[in-house]
Amino acid sequence: MTHANCPRCGGRLARDNDSGRCTPCQAAERDRLSAPPKVPAGFWEHEPVRLALMERHLGRVIRAYRCHPYHGRVALPQSVVAGWLGITQAQLSRVENGPPLVHLDRLAHWAQLLRVPAEHLWFRLPGQPCWTATSLIPDGTDRAYGEDLPTEQGGRAAVAVSVEEASSQGGGATDRRRFNVLAALTGLAASGHTYLLAGPAEMPRTIGMEQVQLASSLVDDLRRADAVAGADLLCDVAIQVQTRLSTWAARASYSREVGDALQSALADLSIEAAWLAIDAERRSEARPYLNEAITRARIADDPRVEVRALTHLSLLIRESQPGESLHCAEAALRVSAGWATPRLTTLLHLRRAHAYAVLRDASGFSREMTKARRELDRGTHEDDQGFVHFVNHQELIGIEGLSYLALDRPERAVQSLRAITDNPSPGHRRNQVYYAVRLSEAAYRQGDVNEAARIALDVLPAVRQINSQRVSQHLAQVRGSLATPRQATTTTRQFVDAYDQAVSL
């Protein structure tokens with residue numbers, strides 16, 4: 001044996017020490033079965049780990065982590081690391097050697113368990129705001145000349161510059177500056193909402209109808225900003241505004257009439273915050289706001305806001321809790337009986353149809369789709385609420401396509417979703433992009449990998465521009481499916497390369 005240093009602490013090893021660790025580090029190693037060790041910052045600069053992180057493949061990152069010299073001359077067993085992650089050794093082997101993981105919740109959970117620094121990751125950890133300037137700017141555009149772009153793109157570029165400048169500030173000023181930038185984007189200051197940018201002590205002690213009307217206009221402000229910046233950026237500012245208003249309402253004084261109107265306004269704002277969380281794929285954060293909205297709407301005796309909250313709740317949980325999703329849509333139908341417009345009733349039947357499909361109840365799905373078509377054929381109504389403006393024949397066909405995917409009938413899903421992409425509906429670009437991505441998924445599940453890759457390649461630029469994590473996650477799943485060696489063709493390689501290049505920018 002020759003003298004060597006302990007790879008963990010750097011201490012000198014005895015000549016007869018063949019374990020690769022000094023005695024104190026061996027003692028610390030006894031706890032490794034329960035949790036990963038706290039590794040030094042330089043751990044993540046080790047070449048195999050760094051390359052695995054650059055490849056954006058968490059399975060390879062885990063393998064490089066196990067084999068790191070920090071752990072000694074013998075790599076950590078898969079069974080030990082699998083125990084940390086809550087999976088079996090066989091599952092970990094598939095994770096390390098299979099396609100990249102695309103499920104954001106699992107990526108974030110495992111990265112936090114292993115204490116991977118956020119700056120090395122290619123995705124956002126929970127609670128960490130995502131302020132990416134380059135994702136808002138079209139390729140080849142100089143940020144300094146954003147004003148020369150068309151209106152929507154110029155707005156994106158200008159906001160990108162402001163957000164980047166805000167991110168350069170340190171400490172608590174960063175969050176405040178970011179909030180102010182996005183608040184300006186939503187038009188809060190210009191619309192008279194400057195009190196929302198003040199500290200709690202500076203907010204008025206009484207609330208009048210004028211403040212309630214300003215709070216009500218926030219929903220329209222957020223919707224307009226959503227069309228420019230996307231939910232990924234707006235979600236945080238919507239949540240912060242809703243929190244500030246709720247705190248203010250709890251401390252301020254107001255009359256009974258103002259109180260009812262204020263409860264309705266706060267409920268409506270909670271629904272908008274929940275929707276942005278859904279579109280940003282932060283679903284766990286959305287439900288508390290929808291529950292709050294239902295409570296406030298009932299306090300204010302405002303059935304229209306309650307129905308809107310129930311409709312969004314049905315959407316939120318239709319994949320995870322389809323039975324409860326059915327009940328939410330049914331409750332909305334009962335509450336809206338007597339005043340619901342055809343488009344609202346159509347939307348509620350579509351919610352139920354999709355939930356039945358997730359439950360693999362084909363007859364229930366067909367029954368609700370028939371009702372939805374009948375209601376939509378009755379025409380629109382002048383009293384339509386703003387949140388149902390997107391309900392049309394193409395939306396009906398889109399939900400039909402998604403339902404066929406849930407029923408494992410990809411060939412029917414392709415027929416429905418292709419009808420939408422071949423005849424796009426003006427004014428609903430985000431839905432068009434979403435359905436195009438799902439068409440790619442349906443084509444892959446049908447077995448046509450080249451067509452799936454072609455569709456995904458065509459829609460990739462649009463996905464980057466709309467800044468919807470919900471849509472991006474579905475495209476990431478398509479990429480994961482097409483990246484396996486078994487699916488390798490010229491077209492699939494073109495899409496995978498283009499996707500990886502776009503994500504790395």
# chains A, B, ... in the order shown; residues from 1 in each chain; ligands from 1
$ residues_around --residues "Val49 (chain A)" --least-positions-apart "3" --cutoff "7 Å" --atoms "only C-alpha atoms" --output "list in words"
Trp44, Glu45, His46, Ala52, Leu53, Val61, Ala64 and Tyr65 of chain A
$ select_by_dssp --residues "region 344-430 of chain A" --states "helix (DSSP H, G or I)" --output "compact mmCIF listing (two decimals) with all heavy atoms, in the first residue's frame"
# COMPACT_ATOMS: atom_id res chain seq x y z
N LEU A 344 -71.30 28.19 -21.89
CA LEU A 344 -70.94 27.75 -20.54
C LEU A 344 -71.38 26.31 -20.32
O LEU A 344 -70.62 25.47 -19.82
CB LEU A 344 -71.55 28.66 -19.49
CG LEU A 344 -71.36 28.23 -18.03
CD1 LEU A 344 -69.89 28.07 -17.69
CD2 LEU A 344 -72.03 29.21 -17.09
N THR A 345 -72.61 26.00 -20.70
CA THR A 345 -73.11 24.63 -20.55
C THR A 345 -72.29 23.65 -21.40
O THR A 345 -72.00 22.53 -20.98
CB THR A 345 -74.59 24.55 -20.94
OG1 THR A 345 -75.32 25.56 -20.23
CG2 THR A 345 -75.18 23.18 -20.58
N THR A 346 -71.92 24.10 -22.59
CA THR A 346 -71.06 23.26 -23.45
C THR A 346 -69.75 22.94 -22.75
O THR A 346 -69.31 21.78 -22.73
CB THR A 346 -70.77 23.99 -24.77
OG1 THR A 346 -71.99 24.22 -25.47
CG2 THR A 346 -69.84 23.16 -25.65
N LEU A 347 -69.12 23.96 -22.17
CA LEU A 347 -67.84 23.75 -21.48
C LEU A 347 -67.97 22.77 -20.33
O LEU A 347 -67.11 21.89 -20.14
CB LEU A 347 -67.31 25.08 -20.97
CG LEU A 347 -65.99 25.05 -20.19
CD1 LEU A 347 -64.87 24.46 -21.04
CD2 LEU A 347 -65.61 26.44 -19.69
N LEU A 348 -69.04 22.87 -19.56
CA LEU A 348 -69.23 21.97 -18.42
C LEU A 348 -69.45 20.53 -18.87
O LEU A 348 -68.95 19.58 -18.25
CB LEU A 348 -70.39 22.46 -17.56
CG LEU A 348 -70.15 23.81 -16.87
CD1 LEU A 348 -71.41 24.28 -16.17
CD2 LEU A 348 -69.00 23.70 -15.88
N HIS A 349 -70.18 20.34 -19.97
CA HIS A 349 -70.34 18.98 -20.50
C HIS A 349 -69.02 18.45 -21.06
O HIS A 349 -68.74 17.24 -20.96
CB HIS A 349 -71.44 18.96 -21.57
CG HIS A 349 -72.82 19.02 -21.01
ND1 HIS A 349 -73.31 18.07 -20.11
CD2 HIS A 349 -73.84 19.90 -21.21
CE1 HIS A 349 -74.56 18.38 -19.79
NE2 HIS A 349 -74.90 19.47 -20.43
N LEU A 350 -68.20 19.32 -21.64
CA LEU A 350 -66.89 18.88 -22.12
C LEU A 350 -66.00 18.47 -20.95
O LEU A 350 -65.23 17.51 -21.05
CB LEU A 350 -66.22 20.01 -22.91
CG LEU A 350 -66.81 20.32 -24.28
CD1 LEU A 350 -66.10 21.51 -24.93
CD2 LEU A 350 -66.74 19.11 -25.21
N ARG A 351 -66.07 19.20 -19.83
CA ARG A 351 -65.32 18.80 -18.64
C ARG A 351 -65.73 17.40 -18.20
O ARG A 351 -64.89 16.56 -17.85
CB ARG A 351 -65.57 19.80 -17.51
CG ARG A 351 -64.98 21.19 -17.74
CD ARG A 351 -63.50 21.20 -17.48
NE ARG A 351 -62.99 22.57 -17.47
CZ ARG A 351 -62.46 23.19 -18.51
NH1 ARG A 351 -62.38 22.55 -19.68
NH2 ARG A 351 -62.01 24.43 -18.42
N ARG A 352 -67.01 17.14 -18.19
CA ARG A 352 -67.51 15.82 -17.77
C ARG A 352 -67.12 14.74 -18.78
O ARG A 352 -66.75 13.63 -18.40
CB ARG A 352 -69.02 15.87 -17.59
CG ARG A 352 -69.45 16.63 -16.33
CD ARG A 352 -70.96 16.74 -16.21
NE ARG A 352 -71.62 15.45 -16.19
CZ ARG A 352 -71.72 14.66 -15.12
NH1 ARG A 352 -71.19 15.05 -13.96
NH2 ARG A 352 -72.35 13.51 -15.18
N ALA A 353 -67.16 15.07 -20.06
CA ALA A 353 -66.80 14.10 -21.10
C ALA A 353 -65.35 13.65 -20.94
O ALA A 353 -65.04 12.45 -21.00
CB ALA A 353 -67.03 14.69 -22.48
N HIS A 354 -64.46 14.61 -20.72
CA HIS A 354 -63.05 14.26 -20.56
C HIS A 354 -62.82 13.45 -19.29
O HIS A 354 -62.02 12.50 -19.27
CB HIS A 354 -62.20 15.52 -20.54
CG HIS A 354 -60.75 15.27 -20.81
ND1 HIS A 354 -59.85 16.24 -21.11
CD2 HIS A 354 -60.02 14.11 -20.79
CE1 HIS A 354 -58.64 15.73 -21.27
NE2 HIS A 354 -58.72 14.44 -21.07
N ALA A 355 -63.50 13.80 -18.22
CA ALA A 355 -63.36 13.05 -16.97
C ALA A 355 -63.83 11.61 -17.16
O ALA A 355 -63.19 10.66 -16.66
CB ALA A 355 -64.14 13.72 -15.85
N TYR A 356 -64.93 11.42 -17.85
CA TYR A 356 -65.40 10.06 -18.14
C TYR A 356 -64.36 9.28 -18.96
O TYR A 356 -64.15 8.08 -18.74
CB TYR A 356 -66.73 10.10 -18.90
CG TYR A 356 -67.95 10.16 -18.02
CD1 TYR A 356 -68.87 11.20 -18.14
CD2 TYR A 356 -68.21 9.17 -17.08
CE1 TYR A 356 -70.00 11.26 -17.33
CE2 TYR A 356 -69.33 9.21 -16.26
CZ TYR A 356 -70.22 10.27 -16.40
OH TYR A 356 -71.33 10.32 -15.59
N ALA A 357 -63.71 9.97 -19.90
CA ALA A 357 -62.69 9.31 -20.72
C ALA A 357 -61.51 8.86 -19.86
O ALA A 357 -60.98 7.76 -20.04
CB ALA A 357 -62.21 10.25 -21.83
N VAL A 358 -61.09 9.71 -18.92
CA VAL A 358 -60.00 9.33 -18.02
C VAL A 358 -60.40 8.12 -17.18
O VAL A 358 -59.56 7.26 -16.85
CB VAL A 358 -59.60 10.52 -17.12
CG1 VAL A 358 -58.55 10.11 -16.10
CG2 VAL A 358 -59.08 11.68 -17.96
N ALA A 362 -66.44 4.82 -21.80
CA ALA A 362 -66.70 5.29 -23.16
C ALA A 362 -68.14 5.74 -23.35
O ALA A 362 -68.40 6.71 -24.07
CB ALA A 362 -66.36 4.19 -24.16
N SER A 363 -69.08 5.06 -22.70
CA SER A 363 -70.49 5.44 -22.87
C SER A 363 -70.76 6.80 -22.21
O SER A 363 -71.47 7.64 -22.76
CB SER A 363 -71.40 4.37 -22.27
OG SER A 363 -71.16 4.21 -20.88
N GLY A 364 -70.19 7.02 -21.02
CA GLY A 364 -70.34 8.32 -20.37
C GLY A 364 -69.72 9.43 -21.20
O GLY A 364 -70.29 10.53 -21.32
N PHE A 365 -68.56 9.15 -21.79
CA PHE A 365 -67.90 10.12 -22.66
C PHE A 365 -68.79 10.48 -23.85
O PHE A 365 -69.00 11.66 -24.16
CB PHE A 365 -66.57 9.55 -23.12
CG PHE A 365 -66.04 10.16 -24.39
CD1 PHE A 365 -65.58 11.46 -24.42
CD2 PHE A 365 -66.03 9.42 -25.57
CE1 PHE A 365 -65.10 12.02 -25.60
CE2 PHE A 365 -65.55 9.96 -26.75
CZ PHE A 365 -65.08 11.27 -26.76
N SER A 366 -69.33 9.47 -24.51
CA SER A 366 -70.18 9.71 -25.69
C SER A 366 -71.43 10.48 -25.32
O SER A 366 -71.86 11.40 -26.04
CB SER A 366 -70.56 8.38 -26.35
OG SER A 366 -69.42 7.68 -26.79
N ARG A 367 -72.01 10.16 -24.19
CA ARG A 367 -73.23 10.84 -23.75
C ARG A 367 -72.97 12.33 -23.50
O ARG A 367 -73.76 13.18 -23.94
CB ARG A 367 -73.75 10.17 -22.48
CG ARG A 367 -75.05 10.74 -21.96
CD ARG A 367 -75.59 9.92 -20.80
NE ARG A 367 -74.68 9.90 -19.66
CZ ARG A 367 -73.99 8.83 -19.28
NH1 ARG A 367 -74.08 7.70 -19.98
NH2 ARG A 367 -73.19 8.90 -18.24
N GLU A 368 -71.87 12.65 -22.82
CA GLU A 368 -71.59 14.05 -22.52
C GLU A 368 -71.18 14.82 -23.78
O GLU A 368 -71.49 16.01 -23.91
CB GLU A 368 -70.49 14.15 -21.46
CG GLU A 368 -70.90 13.64 -20.09
CD GLU A 368 -72.04 14.45 -19.49
OE1 GLU A 368 -72.10 15.67 -19.73
OE2 GLU A 368 -72.87 13.85 -18.78
N MET A 369 -70.48 14.16 -24.70
CA MET A 369 -70.11 14.83 -25.95
C MET A 369 -71.36 15.17 -26.76
O MET A 369 -71.43 16.25 -27.39
CB MET A 369 -69.17 13.96 -26.77
CG MET A 369 -67.76 13.87 -26.24
SD MET A 369 -66.87 15.46 -26.16
CE MET A 369 -66.87 15.93 -27.89
N THR A 370 -72.34 14.29 -26.76
CA THR A 370 -73.59 14.57 -27.47
C THR A 370 -74.28 15.78 -26.87
O THR A 370 -74.77 16.66 -27.59
CB THR A 370 -74.52 13.35 -27.41
OG1 THR A 370 -73.87 12.22 -28.03
CG2 THR A 370 -75.84 13.62 -28.11
N LYS A 371 -74.31 15.87 -25.55
CA LYS A 371 -74.92 17.03 -24.88
C LYS A 371 -74.15 18.31 -25.20
O LYS A 371 -74.76 19.37 -25.42
CB LYS A 371 -74.95 16.80 -23.37
CG LYS A 371 -75.88 15.68 -22.92
CD LYS A 371 -75.83 15.51 -21.41
CE LYS A 371 -76.75 14.39 -20.95
NZ LYS A 371 -76.69 14.18 -19.48
N ALA A 372 -72.83 18.21 -25.23
CA ALA A 372 -72.01 19.39 -25.52
C ALA A 372 -72.29 19.91 -26.93
O ALA A 372 -72.44 21.11 -27.15
CB ALA A 372 -70.53 19.06 -25.35
N ARG A 373 -72.37 18.99 -27.89
CA ARG A 373 -72.65 19.41 -29.27
C ARG A 373 -74.03 20.05 -29.38
O ARG A 373 -74.19 21.07 -30.07
CB ARG A 373 -72.57 18.20 -30.21
CG ARG A 373 -71.16 17.72 -30.49
CD ARG A 373 -71.14 16.73 -31.65
NE ARG A 373 -69.78 16.34 -31.97
CZ ARG A 373 -69.14 15.32 -31.44
NH1 ARG A 373 -69.76 14.57 -30.52
NH2 ARG A 373 -67.90 15.03 -31.76
N ARG A 374 -75.00 19.47 -28.70
CA ARG A 374 -76.35 20.02 -28.76
C ARG A 374 -76.38 21.43 -28.17
O ARG A 374 -77.03 22.33 -28.72
CB ARG A 374 -77.31 19.10 -28.00
CG ARG A 374 -78.76 19.56 -28.08
CD ARG A 374 -79.71 18.52 -27.54
NE ARG A 374 -79.46 18.23 -26.14
CZ ARG A 374 -79.09 17.05 -25.68
NH1 ARG A 374 -78.89 16.04 -26.52
NH2 ARG A 374 -78.87 16.86 -24.39
N GLU A 375 -75.68 21.64 -27.06
CA GLU A 375 -75.67 22.97 -26.45
C GLU A 375 -74.94 23.99 -27.32
O GLU A 375 -75.39 25.12 -27.47
CB GLU A 375 -74.99 22.90 -25.06
CG GLU A 375 -75.82 22.23 -24.00
CD GLU A 375 -77.09 23.01 -23.69
OE1 GLU A 375 -77.06 24.26 -23.74
OE2 GLU A 375 -78.11 22.38 -23.40
N LEU A 376 -73.82 23.58 -27.91
CA LEU A 376 -73.05 24.50 -28.74
C LEU A 376 -73.83 24.92 -29.98
O LEU A 376 -73.73 26.06 -30.43
CB LEU A 376 -71.72 23.88 -29.14
CG LEU A 376 -70.69 24.81 -29.79
CD1 LEU A 376 -70.34 25.97 -28.86
CD2 LEU A 376 -69.43 24.05 -30.16
N ASP A 377 -74.63 24.00 -30.52
CA ASP A 377 -75.44 24.31 -31.71
C ASP A 377 -76.54 25.31 -31.41
O ASP A 377 -77.12 25.90 -32.34
CB ASP A 377 -76.04 23.03 -32.29
CG ASP A 377 -74.99 22.14 -32.95
OD1 ASP A 377 -73.91 22.67 -33.27
OD2 ASP A 377 -75.24 20.94 -33.12
N GLY A 386 -66.53 36.07 -19.64
CA GLY A 386 -65.31 36.18 -20.42
C GLY A 386 -64.50 34.91 -20.50
O GLY A 386 -63.84 34.65 -21.50
N PHE A 387 -64.55 34.08 -19.46
CA PHE A 387 -63.66 32.92 -19.43
C PHE A 387 -64.11 31.79 -20.36
O PHE A 387 -63.40 30.80 -20.51
CB PHE A 387 -63.51 32.40 -18.00
CG PHE A 387 -64.63 31.53 -17.51
CD1 PHE A 387 -64.53 30.15 -17.53
CD2 PHE A 387 -65.80 32.10 -17.01
CE1 PHE A 387 -65.56 29.34 -17.08
CE2 PHE A 387 -66.82 31.31 -16.54
CZ PHE A 387 -66.70 29.92 -16.57
N VAL A 388 -65.29 31.92 -21.00
CA VAL A 388 -65.75 30.88 -21.93
C VAL A 388 -65.60 31.32 -23.38
O VAL A 388 -66.13 30.68 -24.28
CB VAL A 388 -67.22 30.48 -21.65
CG1 VAL A 388 -67.37 29.92 -20.26
CG2 VAL A 388 -68.16 31.66 -21.87
N HIS A 393 -66.46 25.26 -31.85
CA HIS A 393 -66.47 23.89 -32.41
C HIS A 393 -65.07 23.28 -32.40
O HIS A 393 -64.92 22.07 -32.21
CB HIS A 393 -67.05 23.92 -33.83
CG HIS A 393 -68.53 24.08 -33.87
ND1 HIS A 393 -69.40 23.04 -33.59
CD2 HIS A 393 -69.31 25.16 -34.13
CE1 HIS A 393 -70.65 23.46 -33.69
NE2 HIS A 393 -70.63 24.75 -34.02
N GLN A 394 -64.04 24.08 -32.59
CA GLN A 394 -62.69 23.53 -32.58
C GLN A 394 -62.29 23.09 -31.18
O GLN A 394 -61.61 22.07 -31.03
CB GLN A 394 -61.70 24.57 -33.12
CG GLN A 394 -61.83 24.78 -34.63
CD GLN A 394 -60.63 25.48 -35.20
OE1 GLN A 394 -60.09 26.36 -34.57
NE2 GLN A 394 -60.23 25.10 -36.40
N GLU A 395 -62.68 23.84 -30.17
CA GLU A 395 -62.39 23.42 -28.80
C GLU A 395 -63.10 22.11 -28.49
O GLU A 395 -62.54 21.22 -27.84
CB GLU A 395 -62.82 24.50 -27.82
CG GLU A 395 -62.57 24.16 -26.36
CD GLU A 395 -61.11 24.05 -25.99
OE1 GLU A 395 -60.25 24.51 -26.79
OE2 GLU A 395 -60.80 23.51 -24.92
N LEU A 396 -64.33 21.97 -28.97
CA LEU A 396 -65.07 20.72 -28.77
C LEU A 396 -64.32 19.55 -29.42
O LEU A 396 -64.17 18.48 -28.81
CB LEU A 396 -66.47 20.87 -29.34
CG LEU A 396 -67.44 19.70 -29.11
CD1 LEU A 396 -68.88 20.22 -28.96
CD2 LEU A 396 -67.41 18.71 -30.27
N ILE A 397 -63.84 19.77 -30.63
CA ILE A 397 -63.10 18.70 -31.32
C ILE A 397 -61.79 18.41 -30.59
O ILE A 397 -61.34 17.26 -30.50
CB ILE A 397 -62.83 19.11 -32.78
CG1 ILE A 397 -64.16 19.22 -33.55
CG2 ILE A 397 -61.93 18.10 -33.47
CD1 ILE A 397 -64.00 19.81 -34.93
N GLY A 398 -61.15 19.47 -30.04
CA GLY A 398 -59.91 19.26 -29.31
C GLY A 398 -60.10 18.41 -28.07
O GLY A 398 -59.31 17.50 -27.80
N ILE A 399 -61.13 18.71 -27.29
CA ILE A 399 -61.42 17.89 -26.10
C ILE A 399 -61.77 16.47 -26.51
O ILE A 399 -61.40 15.50 -25.81
CB ILE A 399 -62.57 18.52 -25.29
CG1 ILE A 399 -62.15 19.89 -24.76
CG2 ILE A 399 -62.97 17.62 -24.13
CD1 ILE A 399 -60.97 19.87 -23.83
N GLU A 400 -62.45 16.32 -27.63
CA GLU A 400 -62.75 14.98 -28.13
C GLU A 400 -61.45 14.23 -28.42
O GLU A 400 -61.31 13.04 -28.07
CB GLU A 400 -63.58 15.10 -29.41
CG GLU A 400 -63.97 13.76 -30.03
CD GLU A 400 -64.76 13.96 -31.31
OE1 GLU A 400 -64.24 14.63 -32.23
OE2 GLU A 400 -65.90 13.45 -31.40
N GLY A 401 -60.47 14.92 -29.04
CA GLY A 401 -59.19 14.27 -29.33
C GLY A 401 -58.44 13.87 -28.07
O GLY A 401 -57.91 12.76 -27.98
N LEU A 402 -58.41 14.77 -27.08
CA LEU A 402 -57.75 14.44 -25.81
C LEU A 402 -58.43 13.28 -25.12
O LEU A 402 -57.78 12.43 -24.50
CB LEU A 402 -57.74 15.66 -24.90
CG LEU A 402 -57.01 16.91 -25.39
CD1 LEU A 402 -57.03 17.99 -24.32
CD2 LEU A 402 -55.58 16.59 -25.80
N SER A 403 -59.75 13.23 -25.23
CA SER A 403 -60.50 12.15 -24.59
C SER A 403 -60.19 10.82 -25.26
O SER A 403 -60.08 9.79 -24.59
CB SER A 403 -61.99 12.45 -24.66
OG SER A 403 -62.31 13.63 -23.96
N TYR A 404 -60.06 10.83 -26.58
CA TYR A 404 -59.70 9.58 -27.27
C TYR A 404 -58.30 9.11 -26.86
O TYR A 404 -58.04 7.90 -26.78
CB TYR A 404 -59.77 9.77 -28.78
CG TYR A 404 -61.18 9.67 -29.34
CD1 TYR A 404 -61.70 10.66 -30.17
CD2 TYR A 404 -61.98 8.57 -29.03
CE1 TYR A 404 -62.99 10.56 -30.68
CE2 TYR A 404 -63.27 8.46 -29.54
CZ TYR A 404 -63.77 9.47 -30.36
OH TYR A 404 -65.04 9.37 -30.85
N LEU A 405 -57.39 10.06 -26.59
CA LEU A 405 -56.08 9.66 -26.07
C LEU A 405 -56.23 8.98 -24.72
O LEU A 405 -55.58 7.97 -24.44
CB LEU A 405 -55.17 10.88 -25.94
CG LEU A 405 -54.41 11.34 -27.18
CD1 LEU A 405 -53.63 12.61 -26.88
CD2 LEU A 405 -53.46 10.25 -27.67
N ALA A 406 -57.08 9.56 -23.86
CA ALA A 406 -57.31 8.96 -22.54
C ALA A 406 -57.95 7.60 -22.65
O ALA A 406 -57.72 6.71 -21.81
CB ALA A 406 -58.18 9.89 -21.69
N PRO A 410 -55.66 6.15 -30.11
CA PRO A 410 -54.87 7.21 -30.74
C PRO A 410 -55.27 7.50 -32.18
O PRO A 410 -55.12 8.64 -32.64
CB PRO A 410 -53.43 6.68 -30.65
CG PRO A 410 -53.57 5.20 -30.50
CD PRO A 410 -54.83 5.00 -29.72
N GLU A 411 -55.79 6.49 -32.90
CA GLU A 411 -56.16 6.74 -34.29
C GLU A 411 -57.31 7.74 -34.39
O GLU A 411 -57.33 8.62 -35.25
CB GLU A 411 -56.52 5.43 -34.99
CG GLU A 411 -57.80 4.74 -34.54
CD GLU A 411 -57.72 4.13 -33.15
OE1 GLU A 411 -56.59 3.95 -32.66
OE2 GLU A 411 -58.78 3.83 -32.58
N ARG A 412 -58.29 7.65 -33.46
CA ARG A 412 -59.39 8.62 -33.43
C ARG A 412 -58.88 9.97 -32.94
O ARG A 412 -59.35 11.02 -33.38
CB ARG A 412 -60.52 8.11 -32.53
CG ARG A 412 -61.25 6.88 -33.04
CD ARG A 412 -61.98 7.18 -34.34
NE ARG A 412 -62.95 8.27 -34.20
CZ ARG A 412 -64.20 8.10 -33.81
NH1 ARG A 412 -64.65 6.89 -33.52
NH2 ARG A 412 -65.03 9.13 -33.73
N ALA A 413 -57.94 9.94 -32.00
CA ALA A 413 -57.38 11.20 -31.50
C ALA A 413 -56.68 11.96 -32.62
O ALA A 413 -56.81 13.19 -32.73
CB ALA A 413 -56.41 10.92 -30.36
N VAL A 414 -55.94 11.23 -33.48
CA VAL A 414 -55.25 11.87 -34.61
C VAL A 414 -56.26 12.54 -35.53
O VAL A 414 -56.06 13.68 -35.98
CB VAL A 414 -54.41 10.84 -35.37
CG1 VAL A 414 -53.95 11.41 -36.71
CG2 VAL A 414 -53.20 10.42 -34.54
N GLN A 415 -57.36 11.88 -35.82
CA GLN A 415 -58.37 12.45 -36.70
C GLN A 415 -58.93 13.76 -36.13
O GLN A 415 -59.05 14.77 -36.84
CB GLN A 415 -59.52 11.46 -36.90
CG GLN A 415 -59.13 10.21 -37.67
CD GLN A 415 -60.28 9.22 -37.76
OE1 GLN A 415 -61.44 9.56 -37.49
NE2 GLN A 415 -59.98 8.00 -38.15
N SER A 416 -59.26 13.76 -34.85
CA SER A 416 -59.84 14.95 -34.23
C SER A 416 -58.83 16.08 -34.14
O SER A 416 -59.12 17.22 -34.52
CB SER A 416 -60.37 14.61 -32.84
OG SER A 416 -61.41 13.66 -32.89
N LEU A 417 -57.62 15.79 -33.65
CA LEU A 417 -56.63 16.84 -33.44
C LEU A 417 -56.10 17.39 -34.75
O LEU A 417 -55.78 18.58 -34.84
CB LEU A 417 -55.49 16.30 -32.58
CG LEU A 417 -55.89 15.90 -31.16
CD1 LEU A 417 -54.73 15.22 -30.44
CD2 LEU A 417 -56.35 17.12 -30.37
N ARG A 418 -56.04 16.55 -35.79
CA ARG A 418 -55.59 17.05 -37.09
C ARG A 418 -56.61 18.02 -37.68
O ARG A 418 -56.24 18.99 -38.38
CB ARG A 418 -55.34 15.90 -38.06
CG ARG A 418 -54.57 16.32 -39.30
CD ARG A 418 -54.32 15.15 -40.22
NE ARG A 418 -53.48 14.15 -39.61
CZ ARG A 418 -52.16 14.24 -39.50
NH1 ARG A 418 -51.55 15.33 -39.93
NH2 ARG A 418 -51.46 13.28 -38.96
N ALA A 419 -57.89 17.80 -37.40
CA ALA A 419 -58.92 18.72 -37.90
C ALA A 419 -58.72 20.12 -37.34
O ALA A 419 -59.05 21.12 -37.99
CB ALA A 419 -60.30 18.19 -37.52
N ILE A 420 -58.16 20.22 -36.13
CA ILE A 420 -57.90 21.53 -35.52
C ILE A 420 -56.68 22.18 -36.15
O ILE A 420 -56.70 23.35 -36.53
CB ILE A 420 -57.69 21.39 -34.01
CG1 ILE A 420 -58.96 20.86 -33.36
CG2 ILE A 420 -57.30 22.72 -33.38
CD1 ILE A 420 -58.82 20.63 -31.89
N THR A 421 -55.60 21.44 -36.27
CA THR A 421 -54.36 22.03 -36.80
C THR A 421 -54.49 22.38 -38.28
O THR A 421 -53.82 23.31 -38.75
CB THR A 421 -53.18 21.06 -36.60
OG1 THR A 421 -53.48 19.80 -37.23
CG2 THR A 421 -52.94 20.81 -35.12
N ASP A 422 -55.33 21.67 -39.02
CA ASP A 422 -55.53 21.98 -40.43
C ASP A 422 -56.40 23.22 -40.63
O ASP A 422 -56.33 23.86 -41.68
CB ASP A 422 -56.16 20.78 -41.15
CG ASP A 422 -55.20 19.61 -41.29
OD1 ASP A 422 -53.98 19.83 -41.08
OD2 ASP A 422 -55.66 18.49 -41.59
N ARG A 429 -54.31 31.17 -30.03
CA ARG A 429 -53.04 30.59 -30.45
C ARG A 429 -52.52 29.57 -29.46
O ARG A 429 -51.98 28.52 -29.85
CB ARG A 429 -52.02 31.72 -30.63
CG ARG A 429 -50.66 31.24 -31.15
CD ARG A 429 -49.87 32.42 -31.67
NE ARG A 429 -48.55 32.01 -32.10
CZ ARG A 429 -47.45 32.07 -31.33
NH1 ARG A 429 -47.56 32.52 -30.09
NH2 ARG A 429 -46.28 31.70 -31.78
N ARG A 430 -52.65 29.83 -28.18
CA ARG A 430 -52.10 28.92 -27.19
C ARG A 430 -52.78 27.55 -27.28
O ARG A 430 -52.12 26.51 -27.21
CB ARG A 430 -52.25 29.48 -25.78
CG ARG A 430 -51.51 28.66 -24.73
CD ARG A 430 -51.52 29.36 -23.40
NE ARG A 430 -51.05 30.73 -23.50
CZ ARG A 430 -50.90 31.54 -22.47
NH1 ARG A 430 -51.16 31.12 -21.25
NH2 ARG A 430 -50.47 32.76 -22.64
$ residues_around --residues "Gln91 (chain A)" --least-positions-apart "3" --cutoff "12 Å" --atoms "only C-alpha atoms" --output "PyMOL selection string"
chain A and resi 59+78-79+81-83+85-88+94-98
$ residues_around --residues "Leu125 (chain A)" --least-positions-apart "6" --cutoff "8 Å" --atoms "only C-alpha atoms" --output "PyMOL selection string"
chain A and resi 108+112+118
$ residues_around --residues "Pro77 (chain A)" --least-positions-apart "4" --cutoff "12 Å" --atoms "only C-alpha atoms" --output "VMD selection string"
chain A and resid 32 to 33 62 to 63 65 to 68 71 to 72 81 to 84 88 to 90 92 to 93
$ residues_around --residues "Arg470 (chain A)" --least-positions-apart "2" --cutoff "6 Å" --atoms "only C-alpha atoms" --output "PyMOL selection string"
chain A and resi 279-281+468+472-473
